[in-house]
file my_file-v8.pdb (PDB, C-alpha atoms)
ATOM      1  CA  MET A   1       0.000   0.000   0.000
ATOM      2  CA  SER A   2       1.460   3.352  -1.022
ATOM      3  CA  PHE A   3       2.643   6.042   1.343
ATOM      4  CA  SER A   4       0.286   8.540  -0.333
ATOM      5  CA  PHE A   5      -2.700   6.409   0.777
ATOM      6  CA  PHE A   6      -1.753   6.688   4.441
ATOM      7  CA  LYS A   7      -1.064  10.389   3.967
ATOM      8  CA  ALA A   8      -4.563  10.858   2.555
ATOM      9  CA  LEU A   9      -6.057   9.154   5.627
ATOM     10  CA  ARG A  10      -4.076  11.299   8.058
ATOM     11  CA  PRO A  11      -6.129  14.291   9.323
ATOM     12  CA  LYS A  12      -4.813  17.632   8.155
ATOM     13  CA  THR A  13      -2.986  19.839  10.615
ATOM     14  CA  PRO A  14      -4.319  23.376  11.289
ATOM     15  CA  GLN A  15      -1.459  24.747   9.178
ATOM     16  CA  GLU A  16      -2.430  22.487   6.270
ATOM     17  CA  VAL A  17      -6.124  23.411   6.585
ATOM     18  CA  ALA A  18      -5.338  27.133   6.490
ATOM     19  CA  LYS A  19      -3.000  26.624   3.519
ATOM     20  CA  SER A  20      -5.593  24.576   1.607
ATOM     21  CA  ILE A  21      -8.294  27.188   2.227
ATOM     22  CA  LYS A  22      -5.989  29.963   1.063
ATOM     23  CA  GLU A  23      -4.955  28.140  -2.101
ATOM     24  CA  SER A  24      -8.524  27.203  -3.023
ATOM     25  CA  LEU A  25      -9.770  30.762  -2.504
ATOM     26  CA  MET A  26      -6.887  32.232  -4.484
ATOM     27  CA  ALA A  27      -7.782  29.831  -7.307
ATOM     28  CA  LEU A  28     -11.032  31.783  -7.703
ATOM     29  CA  ASP A  29      -9.254  34.312  -9.876
ATOM     30  CA  THR A  30     -10.615  36.264 -12.831
ATOM     31  CA  LYS A  31      -9.653  33.605 -15.371
ATOM     32  CA  THR A  32     -11.253  30.771 -13.405
ATOM     33  CA  VAL A  33     -14.505  32.645 -12.749
ATOM     34  CA  VAL A  34     -15.247  33.100 -16.465
ATOM     35  CA  GLU A  35     -14.716  29.399 -17.258
ATOM     36  CA  VAL A  36     -17.739  27.426 -16.056
ATOM     37  CA  LYS A  37     -16.076  24.031 -15.569
ATOM     38  CA  ALA A  38     -12.982  25.512 -13.954
ATOM     39  CA  LEU A  39     -15.167  27.579 -11.607
ATOM     40  CA  GLU A  40     -17.259  24.571 -10.595
ATOM     41  CA  LYS A  41     -14.136  22.572  -9.775
ATOM     42  CA  ALA A  42     -12.595  25.463  -7.821
ATOM     43  CA  LEU A  43     -15.806  26.019  -5.830
ATOM     44  CA  GLU A  44     -15.996  22.304  -4.993
ATOM     45  CA  GLU A  45     -12.480  22.519  -3.575
ATOM     46  CA  VAL A  46     -13.447  25.567  -1.488
ATOM     47  CA  GLU A  47     -16.532  23.793  -0.135
ATOM     48  CA  LYS A  48     -14.463  20.729   0.781
ATOM     49  CA  ASN A  49     -11.948  22.872   2.644
ATOM     50  CA  PHE A  50     -14.691  24.814   4.439
ATOM     51  CA  VAL A  51     -16.199  21.540   5.686
ATOM     52  CA  THR A  52     -12.778  20.598   7.068
ATOM     53  CA  MET A  53     -12.472  24.005   8.733
ATOM     54  CA  ARG A  54     -15.947  23.708  10.230
ATOM     55  CA  THR A  55     -15.200  20.249  11.631
ATOM     56  CA  MET A  56     -11.925  21.427  13.178
ATOM     57  CA  LEU A  57     -13.605  24.477  14.742
ATOM     58  CA  SER A  58     -16.812  22.907  16.047
ATOM     59  CA  GLY A  59     -16.290  19.134  16.097
ATOM     60  CA  ASP A  60     -17.833  16.370  14.015
ATOM     61  CA  GLY A  61     -20.959  15.746  16.087
ATOM     62  CA  GLU A  62     -19.401  12.841  17.944
ATOM     63  CA  SER A  63     -16.339  14.471  19.445
ATOM     64  CA  GLU A  64     -15.621  17.990  20.692
ATOM     65  CA  PRO A  65     -13.086  20.174  18.880
ATOM     66  CA  ASN A  66      -9.469  20.120  20.021
ATOM     67  CA  LEU A  67      -8.969  23.619  21.462
ATOM     68  CA  ASP A  68      -5.240  23.605  20.784
ATOM     69  CA  GLN A  69      -5.945  22.878  17.129
ATOM     70  CA  VAL A  70      -8.625  25.588  17.053
ATOM     71  CA  SER A  71      -6.130  28.113  18.419
ATOM     72  CA  GLN A  72      -3.508  27.046  15.867
ATOM     73  CA  LEU A  73      -6.041  27.337  13.033
ATOM     74  CA  VAL A  74      -7.125  30.803  14.166
ATOM     75  CA  GLU A  75      -3.486  31.918  14.282
ATOM     76  CA  GLU A  76      -2.753  30.510  10.833
ATOM     77  CA  ILE A  77      -5.874  32.025   9.272
ATOM     78  CA  CYS A  78      -4.755  35.446  10.472
ATOM     79  CA  LYS A  79      -1.084  34.921   9.724
ATOM     80  CA  GLU A  80      -1.783  33.827   6.124
ATOM     81  CA  ASP A  81      -4.365  36.587   5.472
ATOM     82  CA  VAL A  82      -7.069  33.988   4.922
ATOM     83  CA  LEU A  83      -9.561  36.205   6.742
ATOM     84  CA  THR A  84      -9.241  38.824   4.009
ATOM     85  CA  LEU A  85      -9.789  36.206   1.309
ATOM     86  CA  LEU A  86     -12.844  34.807   3.122
ATOM     87  CA  ILE A  87     -14.531  38.200   2.890
ATOM     88  CA  HIS A  88     -13.373  39.305  -0.546
ATOM     89  CA  LYS A  89     -14.313  35.998  -2.193
ATOM     90  CA  LEU A  90     -17.728  35.879  -0.503
ATOM     91  CA  PRO A  91     -19.659  37.128  -3.588
ATOM     92  CA  ILE A  92     -18.339  34.200  -5.662
ATOM     93  CA  LEU A  93     -19.032  31.413  -3.150
ATOM     94  CA  GLY A  94     -21.907  28.972  -3.463
ATOM     95  CA  TRP A  95     -24.716  28.643  -0.926
ATOM     96  CA  GLU A  96     -23.210  25.685   0.997
ATOM     97  CA  ALA A  97     -19.832  27.381   1.276
ATOM     98  CA  ARG A  98     -21.435  30.605   2.529
ATOM     99  CA  LYS A  99     -23.429  28.652   5.097
ATOM    100  CA  ASP A 100     -20.285  26.971   6.442
ATOM    101  CA  LEU A 101     -18.399  30.274   6.432
ATOM    102  CA  VAL A 102     -21.110  32.042   8.439
ATOM    103  CA  HIS A 103     -21.044  29.193  10.974
ATOM    104  CA  CYS A 104     -17.246  29.366  11.276
ATOM    105  CA  TRP A 105     -17.140  33.174  11.380
ATOM    106  CA  SER A 106     -18.688  33.405  14.841
ATOM    107  CA  ILE A 107     -16.278  30.822  16.242
ATOM    108  CA  LEU A 108     -13.248  32.489  14.671
ATOM    109  CA  LEU A 109     -14.122  35.896  16.133
ATOM    110  CA  LYS A 110     -14.993  34.645  19.606
ATOM    111  CA  HIS A 111     -12.038  32.322  20.053
ATOM    112  CA  LYS A 112      -9.266  33.601  22.294
ATOM    113  CA  VAL A 113      -5.655  32.600  21.828
ATOM    114  CA  GLU A 114      -4.356  33.036  25.380
ATOM    115  CA  THR A 115      -5.919  36.435  26.167
ATOM    116  CA  ASN A 116      -6.276  37.838  22.652
ATOM    117  CA  TYR A 117      -9.058  37.759  20.108
ATOM    118  CA  TYR A 118      -6.770  37.197  17.133
ATOM    119  CA  CYS A 119      -9.395  37.567  14.434
ATOM    120  CA  VAL A 120     -10.845  40.722  15.970
ATOM    121  CA  GLU A 121      -7.359  42.215  16.169
ATOM    122  CA  TYR A 122      -6.770  41.217  12.545
ATOM    123  CA  ILE A 123      -9.931  43.038  11.458
ATOM    124  CA  GLU A 124      -8.884  46.082  13.490
ATOM    125  CA  GLN A 125      -5.684  46.119  11.444
ATOM    126  CA  HIS A 126      -7.599  45.563   8.163
ATOM    127  CA  ILE A 127     -10.593  47.692   9.021
ATOM    128  CA  GLU A 128     -11.661  48.161   5.390
ATOM    129  CA  LEU A 129     -13.043  44.605   5.579
ATOM    130  CA  LEU A 130     -15.966  45.963   7.594
ATOM    131  CA  ASP A 131     -16.748  48.488   4.862
ATOM    132  CA  PHE A 132     -16.744  45.636   2.345
ATOM    133  CA  LEU A 133     -19.274  43.684   4.430
ATOM    134  CA  VAL A 134     -21.545  46.719   4.802
ATOM    135  CA  VAL A 135     -21.551  47.449   1.066
ATOM    136  CA  CYS A 136     -22.506  43.822   0.421
ATOM    137  CA  TYR A 137     -26.083  44.676   1.452
ATOM    138  CA  ASP A 138     -26.368  45.954  -2.121
ATOM    139  CA  ASN A 139     -25.929  42.360  -3.319
ATOM    140  CA  LYS A 140     -29.124  40.515  -2.413
ATOM    141  CA  ASP A 141     -27.505  37.104  -3.021
ATOM    142  CA  ILE A 142     -25.032  37.511  -0.153
ATOM    143  CA  ALA A 143     -26.689  40.266   1.891
ATOM    144  CA  LEU A 144     -28.087  37.969   4.591
ATOM    145  CA  SER A 145     -24.775  36.151   5.045
ATOM    146  CA  CYS A 146     -22.928  39.455   5.325
ATOM    147  CA  GLY A 147     -25.528  40.712   7.786
ATOM    148  CA  ILE A 148     -24.922  37.786  10.138
ATOM    149  CA  MET A 149     -21.164  38.277   9.876
ATOM    150  CA  LEU A 150     -21.503  42.016  10.546
ATOM    151  CA  ARG A 151     -23.623  41.433  13.650
ATOM    152  CA  GLU A 152     -20.957  39.070  14.975
ATOM    153  CA  CYS A 153     -18.396  41.848  14.444
ATOM    154  CA  ILE A 154     -20.618  44.418  16.153
ATOM    155  CA  LYS A 155     -20.490  42.382  19.367
ATOM    156  CA  PHE A 156     -16.996  43.821  19.808
ATOM    157  CA  PRO A 157     -16.976  47.541  20.821
ATOM    158  CA  SER A 158     -13.952  48.504  18.725
ATOM    159  CA  LEU A 159     -15.499  47.128  15.534
ATOM    160  CA  ALA A 160     -18.907  48.644  16.278
ATOM    161  CA  ARG A 161     -17.260  52.015  16.891
ATOM    162  CA  TYR A 162     -15.480  51.881  13.555
ATOM    163  CA  ILE A 163     -18.683  51.168  11.605
ATOM    164  CA  LEU A 164     -20.525  54.007  13.371
ATOM    165  CA  GLU A 165     -17.720  56.438  12.587
ATOM    166  CA  SER A 166     -17.149  55.233   9.021
ATOM    167  CA  ALA A 167     -18.502  56.726   5.823
ATOM    168  CA  SER A 168     -20.274  53.429   5.136
ATOM    169  CA  PHE A 169     -22.573  53.849   8.161
ATOM    170  CA  VAL A 170     -24.835  56.299   6.312
ATOM    171  CA  LEU A 171     -25.600  53.529   3.807
ATOM    172  CA  PHE A 172     -27.791  51.870   6.426
ATOM    173  CA  PHE A 173     -30.334  54.667   6.030
ATOM    174  CA  LYS A 174     -30.729  53.418   2.443
ATOM    175  CA  PHE A 175     -30.424  49.702   3.118
ATOM    176  CA  VAL A 176     -33.244  49.611   5.701
ATOM    177  CA  GLU A 177     -35.614  50.801   2.970
ATOM    178  CA  LEU A 178     -34.505  48.508   0.159
ATOM    179  CA  PRO A 179     -37.389  46.998  -1.843
ATOM    180  CA  ASN A 180     -36.331  43.452  -0.914
ATOM    181  CA  PHE A 181     -38.105  42.919   2.433
ATOM    182  CA  ASP A 182     -35.716  40.236   3.743
ATOM    183  CA  VAL A 183     -32.637  42.316   3.006
ATOM    184  CA  ALA A 184     -34.186  45.506   4.419
ATOM    185  CA  SER A 185     -35.218  43.667   7.605
ATOM    186  CA  ASP A 186     -31.762  42.186   8.036
ATOM    187  CA  ALA A 187     -30.157  45.602   7.484
ATOM    188  CA  PHE A 188     -32.442  47.059  10.152
ATOM    189  CA  SER A 189     -31.383  44.314  12.597
ATOM    190  CA  THR A 190     -27.745  45.252  12.024
ATOM    191  CA  PHE A 191     -28.592  48.969  12.286
ATOM    192  CA  LYS A 192     -30.363  48.303  15.594
ATOM    193  CA  ASP A 193     -27.388  46.371  16.995
ATOM    194  CA  LEU A 194     -25.079  49.251  16.078
ATOM    195  CA  LEU A 195     -27.239  51.665  18.080
ATOM    196  CA  THR A 196     -27.970  49.461  21.104
ATOM    197  CA  LYS A 197     -25.175  46.940  21.768
ATOM    198  CA  HIS A 198     -22.621  49.303  23.320
ATOM    199  CA  VAL A 199     -24.391  52.231  24.978
ATOM    200  CA  ASN A 200     -21.279  54.237  25.836
ATOM    201  CA  VAL A 201     -19.891  53.932  22.305
ATOM    202  CA  VAL A 202     -23.264  55.018  20.907
ATOM    203  CA  SER A 203     -23.502  57.946  23.317
ATOM    204  CA  GLU A 204     -20.088  59.238  22.235
ATOM    205  CA  PHE A 205     -21.062  58.835  18.592
ATOM    206  CA  LEU A 206     -24.395  60.662  18.984
ATOM    207  CA  THR A 207     -22.750  63.479  20.906
ATOM    208  CA  ALA A 208     -20.120  63.976  18.207
ATOM    209  CA  HIS A 209     -22.492  63.588  15.242
ATOM    210  CA  TYR A 210     -25.788  64.828  16.658
ATOM    211  CA  ASP A 211     -26.982  67.018  13.771
ATOM    212  CA  GLU A 212     -25.851  64.731  10.968
ATOM    213  CA  PHE A 213     -27.333  61.620  12.565
ATOM    214  CA  PHE A 214     -30.730  63.015  13.533
ATOM    215  CA  ASP A 215     -31.202  64.767  10.206
ATOM    216  CA  LEU A 216     -30.814  61.362   8.552
ATOM    217  CA  TYR A 217     -32.910  59.607  11.174
ATOM    218  CA  GLU A 218     -35.793  62.024  10.698
ATOM    219  CA  LYS A 219     -36.142  60.703   7.144
ATOM    220  CA  LEU A 220     -36.796  57.228   8.553
ATOM    221  CA  LEU A 221     -39.335  58.569  11.044
ATOM    222  CA  THR A 222     -41.215  60.336   8.267
ATOM    223  CA  SER A 223     -40.797  57.581   5.673
ATOM    224  CA  PRO A 224     -43.807  56.755   3.475
ATOM    225  CA  ASN A 225     -43.240  53.121   4.529
ATOM    226  CA  TYR A 226     -45.326  52.379   7.638
ATOM    227  CA  VAL A 227     -43.075  49.522   8.817
ATOM    228  CA  THR A 228     -40.000  51.754   8.569
ATOM    229  CA  ARG A 229     -41.702  54.534  10.563
ATOM    230  CA  ARG A 230     -42.902  52.165  13.278
ATOM    231  CA  GLN A 231     -39.586  50.313  13.669
ATOM    232  CA  SER A 232     -37.566  53.528  13.614
ATOM    233  CA  LEU A 233     -39.689  55.164  16.298
ATOM    234  CA  LYS A 234     -39.416  52.090  18.522
ATOM    235  CA  LEU A 235     -35.636  51.976  18.029
ATOM    236  CA  LEU A 236     -35.344  55.718  18.708
ATOM    237  CA  SER A 237     -37.114  55.365  22.035
ATOM    238  CA  GLU A 238     -34.877  52.401  22.921
ATOM    239  CA  PHE A 239     -31.518  54.066  22.452
ATOM    240  CA  LEU A 240     -32.599  57.473  23.741
ATOM    241  CA  LEU A 241     -33.797  55.860  26.973
ATOM    242  CA  GLU A 242     -30.350  54.463  27.759
ATOM    243  CA  SER A 243     -28.833  56.290  30.754
ATOM    244  CA  PRO A 244     -25.694  57.533  28.910
ATOM    245  CA  ASN A 245     -27.993  59.187  26.349
ATOM    246  CA  SER A 246     -30.059  61.203  28.824
ATOM    247  CA  GLN A 247     -28.578  64.552  27.740
ATOM    248  CA  ILE A 248     -29.042  63.666  24.094
ATOM    249  CA  MET A 249     -32.683  62.778  24.754
ATOM    250  CA  LYS A 250     -33.183  66.058  26.586
ATOM    251  CA  GLN A 251     -31.707  67.985  23.655
ATOM    252  CA  TYR A 252     -33.754  66.026  21.151
ATOM    253  CA  ILE A 253     -37.183  66.399  22.706
ATOM    254  CA  LEU A 254     -36.658  70.155  23.060
ATOM    255  CA  GLU A 255     -35.657  70.611  19.411
ATOM    256  CA  VAL A 256     -38.239  72.750  17.609
ATOM    257  CA  ARG A 257     -37.177  71.370  14.207
ATOM    258  CA  TYR A 258     -38.393  67.904  15.140
ATOM    259  CA  LEU A 259     -41.905  68.978  16.170
ATOM    260  CA  LYS A 260     -43.893  66.175  14.564
ATOM    261  CA  VAL A 261     -41.460  63.502  15.698
ATOM    262  CA  MET A 262     -41.274  65.019  19.165
ATOM    263  CA  MET A 263     -45.047  64.851  19.547
ATOM    264  CA  THR A 264     -45.079  61.149  18.731
ATOM    265  CA  LEU A 265     -42.070  60.433  20.909
ATOM    266  CA  LEU A 266     -43.433  62.358  23.873
ATOM    267  CA  ARG A 267     -46.653  60.408  23.598
ATOM    268  CA  VAL A 268     -44.654  57.184  23.817
ATOM    269  CA  PHE A 269     -42.662  58.478  26.796
ATOM    270  CA  VAL A 270     -45.461  59.988  28.878
ATOM    271  CA  ALA A 271     -47.915  57.165  28.240
ATOM    272  CA  ASN A 272     -45.440  54.522  29.415
ATOM    273  CA  PRO A 273     -46.334  53.661  33.032
ATOM    274  CA  ASN A 274     -42.963  51.956  33.460
ATOM    275  CA  LYS A 275     -40.892  54.816  32.109
ATOM    276  CA  PRO A 276     -37.338  54.781  33.510
ATOM    277  CA  ARG A 277     -36.469  57.214  36.282
ATOM    278  CA  GLU A 278     -34.162  59.108  33.895
ATOM    279  CA  VAL A 279     -37.116  59.912  31.641
ATOM    280  CA  LYS A 280     -39.225  61.105  34.572
ATOM    281  CA  ILE A 281     -36.412  63.367  35.718
ATOM    282  CA  ILE A 282     -35.862  64.880  32.274
ATOM    283  CA  LEU A 283     -39.562  65.451  31.647
ATOM    284  CA  SER A 284     -40.097  66.922  35.104
ATOM    285  CA  LYS A 285     -37.046  69.192  35.119
ATOM    286  CA  ASN A 286     -37.985  70.501  31.690
ATOM    287  CA  GLN A 287     -41.688  70.594  32.378
ATOM    288  CA  GLU A 288     -42.020  74.360  31.951
ATOM    289  CA  LYS A 289     -40.065  74.434  28.671
ATOM    290  CA  LEU A 290     -41.978  71.495  27.262
ATOM    291  CA  LEU A 291     -45.375  72.886  28.213
ATOM    292  CA  ASP A 292     -44.506  76.268  26.771
ATOM    293  CA  LEU A 293     -43.358  74.642  23.545
ATOM    294  CA  LEU A 294     -46.445  72.433  23.334
ATOM    295  CA  HIS A 295     -48.873  75.297  24.002
ATOM    296  CA  ASN A 296     -47.310  77.203  21.133
ATOM    297  CA  LEU A 297     -47.364  74.301  18.699
ATOM    298  CA  SER A 298     -49.789  74.543  15.827
ATOM    299  CA  PRO A 299     -50.388  71.804  13.276
ATOM    300  CA  GLY A 300     -50.794  74.166  10.367
ATOM    301  CA  LYS A 301     -53.570  73.517   7.914
ATOM    302  CA  GLY A 302     -54.972  70.157   6.970
ATOM    303  CA  SER A 303     -57.283  67.322   7.905
ATOM    304  CA  GLU A 304     -55.065  66.174  10.803
ATOM    305  CA  ASP A 305     -55.646  69.323  12.884
ATOM    306  CA  GLU A 306     -58.153  67.688  15.215
ATOM    307  CA  GLN A 307     -56.017  64.625  15.901
ATOM    308  CA  PHE A 308     -52.973  66.836  16.431
ATOM    309  CA  GLU A 309     -54.812  68.936  19.025
ATOM    310  CA  GLU A 310     -56.097  65.842  20.826
ATOM    311  CA  GLU A 311     -52.615  64.359  21.059
ATOM    312  CA  LYS A 312     -51.173  67.663  22.180
ATOM    313  CA  GLU A 313     -53.753  68.008  24.953
ATOM    314  CA  PHE A 314     -53.126  64.437  26.068
ATOM    315  CA  ILE A 315     -49.362  65.024  26.310
ATOM    316  CA  ILE A 316     -49.843  68.353  28.126
ATOM    317  CA  LYS A 317     -52.081  66.740  30.740
ATOM    318  CA  GLU A 318     -49.652  63.868  31.264
ATOM    319  CA  ILE A 319     -46.694  66.217  31.726
ATOM    320  CA  GLU A 320     -48.655  68.502  34.060
ATOM    321  CA  ARG A 321     -49.514  65.648  36.402
ATOM    322  CA  LEU A 322     -46.063  64.074  36.200
ATOM    323  CA  SER A 323     -44.299  63.618  39.514
ATOM    324  CA  ILE A 324     -41.045  61.919  40.329
TER     325      ILE A 324
END

call {"tool": "encode", "arguments": {"input": "my_file-v8.pdb", "output": "structure tokens"}}
result
Amino acid sequence: MSFSFFKALRPKTPQEVAKSIKESLMALDTKTVVEVKALEKALEEVEKNFVTMRTMLSGDGESEPNLDQVSQLVEEICKEDVLTLLIHKLPILGWEARKDLVHCWSILLKHKVETNYYCVEYIEQHIELLDFLVVCYDNKDIALSCGIMLRECIKFPSLARYILESASFVLFFKFVELPNFDVASDAFSTFKDLLTKHVNVVSEFLTAHYDEFFDLYEKLLTSPNYVTRRQSLKLLSEFLLESPNSQIMKQYILEVRYLKVMMTLLRVFVANPNKPREVKIILSKNQEKLLDLLHNLSPGKGSEDEQFEEEKEFIIKEIERLSI
């Protein structure tokens, strides 16, 4: 029996797995992609290597993964720049390969080698990879896979901060209203995580970009799409009610330029019997300003005048009887 037979039976080492993945992904070059048979063969090789990676990272169903091997694989994937290839080749991959990649992505990011998150640190050093994932929402074939991968990244404060501060963040205001419902919903889930997962990071971002952010957000709150308006209002109340955002909420509800939004938001706040203490304090301390502003509000002309006045009176009464 030949030596090559025994070699084929021997499980690959983490170094060999990383090398095989890299070589198979690099084979998906421009020339290969345009040749159908060559592409099919190359994609089969990628899928085979992804299955091996998945088994090494999460076990085979009968035995648990070897943590030393997992650590070695994570190190090699970063060392050989496989992480960059995994993201850049994502649009070419088949469904099975994308499914395995999404499964492995969470494990790769969360795994610590000693005290370090190697893959997170790698992304921090190649931060443009996050922009690539965000832009992928424009490709409906891979949008949902990229969304899952982005939300795994957002679990880490440094990566969430980068996306918030990046030029690509404003794209979410477009993505959440895409005509494809599944993609738009997924984009909104990612958008929500960005604004709620790390309250201190979000507070710093909103403080630094108050005008720019709320000007964009107002477009969601006044969108012709009912689902967008409802979800955006609910999300707004969620992140404004976080303790670090109390000053931002105070500034926002006293802004004259957001009159219509403020009316709706105040109704949500004052009608909530379980409103947080921070909200009670802000509403009470600014009671005089709010009442003065509300008394001077006029809906303008139109068929909604009566409803506007009813809501205004309701909010005024609630604020007047508010006590801490």

call {"tool": "atom_distance", "arguments": {"input": "my_file-v8.pdb", "atom1": "atom CA of A:Glu165", "atom2": "atom CA of A:His103"}}
result
27.5 Å

call {"tool": "atom_distance", "arguments": {"input": "my_file-v8.pdb", "atom1": "atom CA of A:Thr196", "atom2": "atom CA of A:Glu121"}}
result
22.4 Å

call {"tool": "atom_distance", "arguments": {"input": "my_file-v8.pdb", "atom1": "atom CA of A:Val82", "atom2": "atom CA of A:Lys19"}}
result
8.5 Å

call {"tool": "closest_residue", "arguments": {"input": "my_file-v8.pdb", "among": "A:Tyr252, A:Tyr226, A:Phe132, A:Trp95", "to": "A:Thr207", "atoms": "only C-alpha atoms"}}
result
A:Tyr252

call {"tool": "resolve_selection", "arguments": {"input": "my_file-v8.pdb", "expression": "the PyMOL selection byres ((chain A and resi 114) around 12)", "output": "ChimeraX atom specification"}}
result
/A:67-68,70-72,74-75,111-113,115-118

call {"tool": "resolve_selection", "arguments": {"input": "my_file-v8.pdb", "expression": "the PyMOL selection byres ((chain A and resi 23) around 12)", "output": "number ranges by chain"}}
result
A: 16-22, 24-29, 42-43, 45-46, 49, 80-82, 85-86

call {"tool": "closest_residue", "arguments": {"input": "my_file-v8.pdb", "among": "A:Ser223, A:Glu288, A:Leu194, A:Phe156", "to": "A:Lys174", "atoms": "all atoms listed in the file"}}
result
A:Ser223

call {"tool": "closest_residue", "arguments": {"input": "my_file-v8.pdb", "among": "A:Ile127, A:Val120, A:Leu93, A:Ile163", "to": "A:Ser145", "atoms": "only C-alpha atoms"}}
result
A:Leu93

call {"tool": "closest_residue", "arguments": {"input": "my_file-v8.pdb", "among": "A:Arg257, A:Lys250, A:Arg54, A:Arg229", "to": "A:Leu290", "atoms": "only C-alpha atoms"}}
result
A:Lys250

call {"tool": "residues_around", "arguments": {"input": "my_file-v8.pdb", "residues": "A:Ile316", "least_positions_apart": "2", "cutoff": "10 Å", "atoms": "all atoms listed in the file", "output": "list in words"}}
result
Leu266, Arg267, Val270, Gln287, Leu290, Leu291, Asp292, Leu294, His295, Glu310, Glu311, Lys312, Glu313, Phe314, Glu318, Ile319, Glu320, Arg321 and Leu322 of chain A

call {"tool": "write_last_selection", "arguments": {"input": "my_file-v8.pdb", "atoms": "C-alpha atoms", "output": "short mmCIF file (atom, residue, chain, number, x, y, z; two decimals), in the coordinates of the input"}}
result
data_model
loop_
_atom_site.label_atom_id
_atom_site.label_comp_id
_atom_site.auth_asym_id
_atom_site.auth_seq_id
_atom_site.Cartn_x
_atom_site.Cartn_y
_atom_site.Cartn_z
CA LEU A 266 -43.43 62.36 23.87
CA ARG A 267 -46.65 60.41 23.60
CA VAL A 270 -45.46 59.99 28.88
CA GLN A 287 -41.69 70.59 32.38
CA LEU A 290 -41.98 71.50 27.26
CA LEU A 291 -45.38 72.89 28.21
CA ASP A 292 -44.51 76.27 26.77
CA LEU A 294 -46.44 72.43 23.33
CA HIS A 295 -48.87 75.30 24.00
CA GLU A 310 -56.10 65.84 20.83
CA GLU A 311 -52.62 64.36 21.06
CA LYS A 312 -51.17 67.66 22.18
CA GLU A 313 -53.75 68.01 24.95
CA PHE A 314 -53.13 64.44 26.07
CA GLU A 318 -49.65 63.87 31.26
CA ILE A 319 -46.69 66.22 31.73
CA GLU A 320 -48.66 68.50 34.06
CA ARG A 321 -49.51 65.65 36.40
CA LEU A 322 -46.06 64.07 36.20
#

call {"tool": "closest_residue", "arguments": {"input": "my_file-v8.pdb", "among": "A:Pro14, A:Asp193, A:Ser166, A:Phe175", "to": "A:Ile148", "atoms": "only C-alpha atoms"}}
result
A:Asp193

call {"tool": "residues_around", "arguments": {"input": "my_file-v8.pdb", "residues": "A:Val102", "least_positions_apart": "5", "cutoff": "12 Å", "atoms": "all atoms listed in the file", "output": "PyMOL selection string"}}
result
chain A and resi 50-51+53-54+86-87+90+93+95-97+107-109+142-153

call {"tool": "resolve_selection", "arguments": {"input": "my_file-v8.pdb", "expression": "the PyMOL selection byres ((chain A and resi 245) around 10)", "output": "ChimeraX atom specification"}}
result
/A:199-200,202-204,206-207,239-244,246-251,278

call {"tool": "residues_around", "arguments": {"input": "my_file-v8.pdb", "residues": "A:Met56", "least_positions_apart": "5", "cutoff": "8 Å", "atoms": "only C-alpha atoms", "output": "ChimeraX atom specification"}}
result
/A:65-66,69-70

call {"tool": "residues_around", "arguments": {"input": "my_file-v8.pdb", "residues": "A:Val227", "least_positions_apart": "5", "cutoff": "12 Å", "atoms": "all atoms listed in the file", "output": "PyMOL selection string"}}
result
chain A and resi 176-177+181+184-185+188+220-222+232-234

call {"tool": "residues_around", "arguments": {"input": "my_file-v8.pdb", "residues": "A:Leu164", "least_positions_apart": "3", "cutoff": "9 Å", "atoms": "only C-alpha atoms", "output": "CSV table (one decimal) with C-alpha atoms, in the frame of the given file"}}
result
chain,number,residue,atom,x,y,z
A,159,LEU,CA,-15.5,47.1,15.5
A,160,ALA,CA,-18.9,48.6,16.3
A,161,ARG,CA,-17.3,52.0,16.9
A,167,ALA,CA,-18.5,56.7,5.8
A,168,SER,CA,-20.3,53.4,5.1
A,169,PHE,CA,-22.6,53.8,8.2
A,170,VAL,CA,-24.8,56.3,6.3
A,194,LEU,CA,-25.1,49.3,16.1
A,195,LEU,CA,-27.2,51.7,18.1
A,201,VAL,CA,-19.9,53.9,22.3
A,202,VAL,CA,-23.3,55.0,20.9
A,205,PHE,CA,-21.1,58.8,18.6

call {"tool": "decode", "arguments": {"input": "my_file-v8.pdb", "residues": "stretch 315-319 of chain A", "atoms": "N, CA, C and O atoms", "output": "PDB file, in the first residue's frame"}}
result
ATOM      1  N   ILE A 315     -50.751  64.924  25.850  1.00  0.00           N
ATOM      2  CA  ILE A 315     -49.362  65.024  26.310  1.00  0.00           C
ATOM      3  C   ILE A 315     -49.225  66.116  27.366  1.00  0.00           C
ATOM      4  O   ILE A 315     -48.539  65.935  28.382  1.00  0.00           O
ATOM      5  N   ILE A 316     -49.895  67.248  27.149  1.00  0.00           N
ATOM      6  CA  ILE A 316     -49.843  68.353  28.126  1.00  0.00           C
ATOM      7  C   ILE A 316     -50.370  67.898  29.479  1.00  0.00           C
ATOM      8  O   ILE A 316     -49.750  68.153  30.527  1.00  0.00           O
ATOM      9  N   LYS A 317     -51.489  67.210  29.484  1.00  0.00           N
ATOM     10  CA  LYS A 317     -52.081  66.740  30.740  1.00  0.00           C
ATOM     11  C   LYS A 317     -51.154  65.759  31.452  1.00  0.00           C
ATOM     12  O   LYS A 317     -51.001  65.808  32.680  1.00  0.00           O
ATOM     13  N   GLU A 318     -50.548  64.856  30.663  1.00  0.00           N
ATOM     14  CA  GLU A 318     -49.652  63.868  31.264  1.00  0.00           C
ATOM     15  C   GLU A 318     -48.427  64.529  31.890  1.00  0.00           C
ATOM     16  O   GLU A 318     -47.986  64.153  32.974  1.00  0.00           O
ATOM     17  N   ILE A 319     -47.873  65.522  31.206  1.00  0.00           N
ATOM     18  CA  ILE A 319     -46.694  66.217  31.726  1.00  0.00           C
ATOM     19  C   ILE A 319     -47.055  67.040  32.950  1.00  0.00           C
ATOM     20  O   ILE A 319     -46.294  67.114  33.918  1.00  0.00           O
TER      21      ILE A 319
END
